[in-house]
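S.K.: The following block contains the structure, expressed as structure tokens.
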Amino acid sequence: MTGGSGAGGGAKKVTQEGAPHGITLFHHARISAEIAEGDRPVAAVLKAHELTDAQWNESTLYWMTRMGDDVRQSGQDARIPHVYSDAFAEAQDAMKPVPPMDAAGYARLVVDVQAAGGPAAPLAARGLSTADYLRLSRCWARVLSSDPTQAKLYFEVYEALHAAPSP
């Protein structure tokens, strides 16, 4: 289990040597994405990958330490956290599609999350998981930064909801 999955342009420059139990950065990201999906117990996810809790914990400590060291040593030029984030997002997005939601719906979700002080209740009301919320957030970040029409609609609804009196 060495090498990269193609996630991120610097993927090939992230060394995989010393990864405990052969759990590369990319493998760790994929397993983490499966765990984050929340539809199976962690033990079942680890068993599917033939890993014990101890192996997973050792691998997690290793990769989180590597990321932290990279940030301490390289600051804003750190590569490992970006490669990991890209690999996690790629793995998570491959598991399930982005839930259907238009710009106005996403604006309402964002305002509801802000009003509730967190995503749990607004997501539950919509039958969405935290993993769905991450997929939506990534999707709408791309859309809102590249599609002026959608961005305008989003911000119009967002501002109108903030201007509306609370019930």
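We label chains A, B, ... in the order they appear in the structure tokens, count residues from 1 in each chain, and number ligands from 1 in the order shown.
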Which polymer residues have any atom within 12 Å of an atom of A:Glu58, counting only C-alpha atoms, with same-chain residues fewer than 6 positions away left out, as an MDAnalysis selection string?
M.R.: chainID A and resid 18:23 28 51:52 64:65
S.K.: Excluding same-chain residues fewer than 6 positions from A:Tyr84, what lies within 8 Å of it counting only C-alpha atoms, as a PDB file with N, CA and C atoms, in the first residue's frame?
M.R.:
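Listed below is the output, selection_18.pdb:
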ATOM      1  N   LEU A  25      -0.749   7.342   3.672  1.00  0.00           N
ATOM      2  CA  LEU A  25      -1.563   8.542   3.870  1.00  0.00           C
ATOM      3  C   LEU A  25      -2.887   8.421   3.123  1.00  0.00           C
ATOM      4  N   PHE A  26      -2.833   7.893   1.907  1.00  0.00           N
ATOM      5  CA  PHE A  26      -4.033   7.774   1.084  1.00  0.00           C
ATOM      6  C   PHE A  26      -4.980   6.707   1.622  1.00  0.00           C
ATOM      7  N   ALA A  29      -6.651   8.146   4.640  1.00  0.00           N
ATOM      8  CA  ALA A  29      -7.706   9.086   4.251  1.00  0.00           C
ATOM      9  C   ALA A  29      -8.966   8.342   3.812  1.00  0.00           C
TER      10      ALA A  29
END
S.K.: Report, in Å to a single decimal, how far apart atom CA of A:Pro41 and atom CA of A:Asp53 are.
M.R.: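 Distance between the two atoms: 12.2 Å.
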S.K.: Got a sec: who's within 12 Å of stretch 90-96 of chain A, counting only C-alpha atoms, leaving out chain neighbours fewer than 4 positions off, as a compact mmCIF listing (two decimals) with N, CA and C atoms, in the first residue's frame?
M.R.:
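The new file selection-v6.txt reads:
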# COMPACT_ATOMS: atom_id res chain seq x y z
N SER A 5 -2.88 8.17 -4.78
CA SER A 5 -4.10 7.88 -5.52
C SER A 5 -4.38 8.94 -6.57
N GLY A 6 -3.47 9.89 -6.67
CA GLY A 6 -3.70 10.96 -7.63
C GLY A 6 -4.34 12.17 -6.97
N ALA A 7 -4.67 12.09 -5.69
CA ALA A 7 -5.28 13.21 -5.00
C ALA A 7 -4.24 14.28 -4.78
N GLY A 8 -4.48 15.45 -5.30
CA GLY A 8 -3.60 16.58 -5.09
C GLY A 8 -2.37 16.52 -5.98
N PHE A 26 -2.83 7.89 1.91
CA PHE A 26 -4.03 7.77 1.08
C PHE A 26 -4.98 6.71 1.62
N HIS A 27 -4.42 5.61 2.08
CA HIS A 27 -5.24 4.55 2.68
C HIS A 27 -5.90 5.08 3.95
N HIS A 28 -5.13 5.81 4.76
CA HIS A 28 -5.68 6.39 5.99
C HIS A 28 -6.83 7.34 5.67
N ALA A 29 -6.65 8.15 4.64
CA ALA A 29 -7.71 9.09 4.25
C ALA A 29 -8.97 8.34 3.81
N ARG A 30 -8.80 7.27 3.04
CA ARG A 30 -9.97 6.49 2.59
C ARG A 30 -10.70 5.85 3.76
N ILE A 31 -9.94 5.26 4.68
CA ILE A 31 -10.58 4.63 5.85
C ILE A 31 -11.26 5.69 6.71
N SER A 32 -10.60 6.83 6.89
CA SER A 32 -11.20 7.92 7.66
C SER A 32 -12.50 8.40 7.02
N ALA A 33 -12.53 8.46 5.69
CA ALA A 33 -13.75 8.87 4.99
C ALA A 33 -14.86 7.85 5.22
N GLU A 34 -14.52 6.57 5.22
CA GLU A 34 -15.53 5.54 5.50
C GLU A 34 -16.06 5.68 6.91
N ILE A 35 -15.18 5.93 7.86
CA ILE A 35 -15.61 6.11 9.25
C ILE A 35 -16.48 7.35 9.36
N ALA A 36 -16.08 8.43 8.71
CA ALA A 36 -16.84 9.69 8.77
C ALA A 36 -18.22 9.56 8.16
N GLU A 37 -18.39 8.61 7.27
CA GLU A 37 -19.71 8.41 6.65
C GLU A 37 -20.75 8.10 7.73
N GLY A 38 -20.32 7.41 8.78
CA GLY A 38 -21.19 7.17 9.94
C GLY A 38 -22.26 6.13 9.75
N ASP A 39 -22.23 5.39 8.65
CA ASP A 39 -23.28 4.40 8.43
C ASP A 39 -22.89 3.00 8.88
N VAL A 83 -2.55 17.31 0.91
CA VAL A 83 -2.67 16.03 0.19
C VAL A 83 -3.69 15.14 0.91
N TYR A 84 -3.61 15.10 2.24
CA TYR A 84 -4.54 14.28 3.02
C TYR A 84 -5.97 14.78 2.83
N SER A 85 -6.16 16.08 2.93
CA SER A 85 -7.50 16.66 2.78
C SER A 85 -8.09 16.34 1.41
N ASP A 86 -7.27 16.48 0.38
CA ASP A 86 -7.74 16.17 -0.98
C ASP A 86 -8.09 14.69 -1.11
N PRO A 100 -29.00 16.45 -3.56
CA PRO A 100 -29.54 17.51 -4.41
C PRO A 100 -29.96 18.72 -3.56
N SER A 129 -26.73 13.64 6.64
CA SER A 129 -25.68 13.28 7.59
C SER A 129 -24.60 14.35 7.62
N THR A 130 -23.71 14.23 8.58
CA THR A 130 -22.56 15.13 8.63
C THR A 130 -21.72 14.97 7.38
N ALA A 131 -21.57 13.73 6.90
CA ALA A 131 -20.81 13.49 5.66
C ALA A 131 -21.49 14.19 4.48
N ASP A 132 -22.83 14.15 4.44
CA ASP A 132 -23.55 14.88 3.38
C ASP A 132 -23.25 16.38 3.46
N TYR A 133 -23.20 16.90 4.67
CA TYR A 133 -22.92 18.32 4.88
C TYR A 133 -21.53 18.68 4.36
N LEU A 134 -20.56 17.80 4.60
CA LEU A 134 -19.21 18.05 4.08
C LEU A 134 -19.21 18.05 2.55
N ARG A 135 -19.91 17.09 1.96
CA ARG A 135 -20.00 17.03 0.50
C ARG A 135 -20.66 18.30 -0.04
N LEU A 136 -21.77 18.71 0.58
CA LEU A 136 -22.47 19.93 0.16
C LEU A 136 -21.57 21.15 0.30
N SER A 137 -20.86 21.25 1.40
CA SER A 137 -19.98 22.40 1.64
C SER A 137 -18.89 22.50 0.58
N ARG A 138 -18.28 21.36 0.25
CA ARG A 138 -17.24 21.37 -0.79
C ARG A 138 -17.85 21.75 -2.14
N CYS A 139 -18.99 21.15 -2.45
CA CYS A 139 -19.65 21.42 -3.73
C CYS A 139 -20.01 22.89 -3.87
S.K.: Name all residues at most 12 Å from A:Val113 (count only C-alpha atoms; drop same-chain ones fewer than 6 positions away) and give them as a VMD selection string.
M.R.: chain A and resid 106 to 107 119 to 126 130 133
S.K.: Give the helix (DSSP H, G or I) residues of chain A, as assigned by DSSP on the backbone, as a PyMOL selection string.
M.R.: chain A and resi 11-13+20-22+25-37+42-48+53-77+80-95+103-116+120-126+130-146+148-163
S.K.: Using only C-alpha atoms for the distances, tell me which of A:Trp56, A:Gln114, A:Val42, A:Ala48 is nearest to A:Tyr158.
M.R.: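 Of the candidates, the smallest distance to A:Tyr158 is held by A:Gln114.
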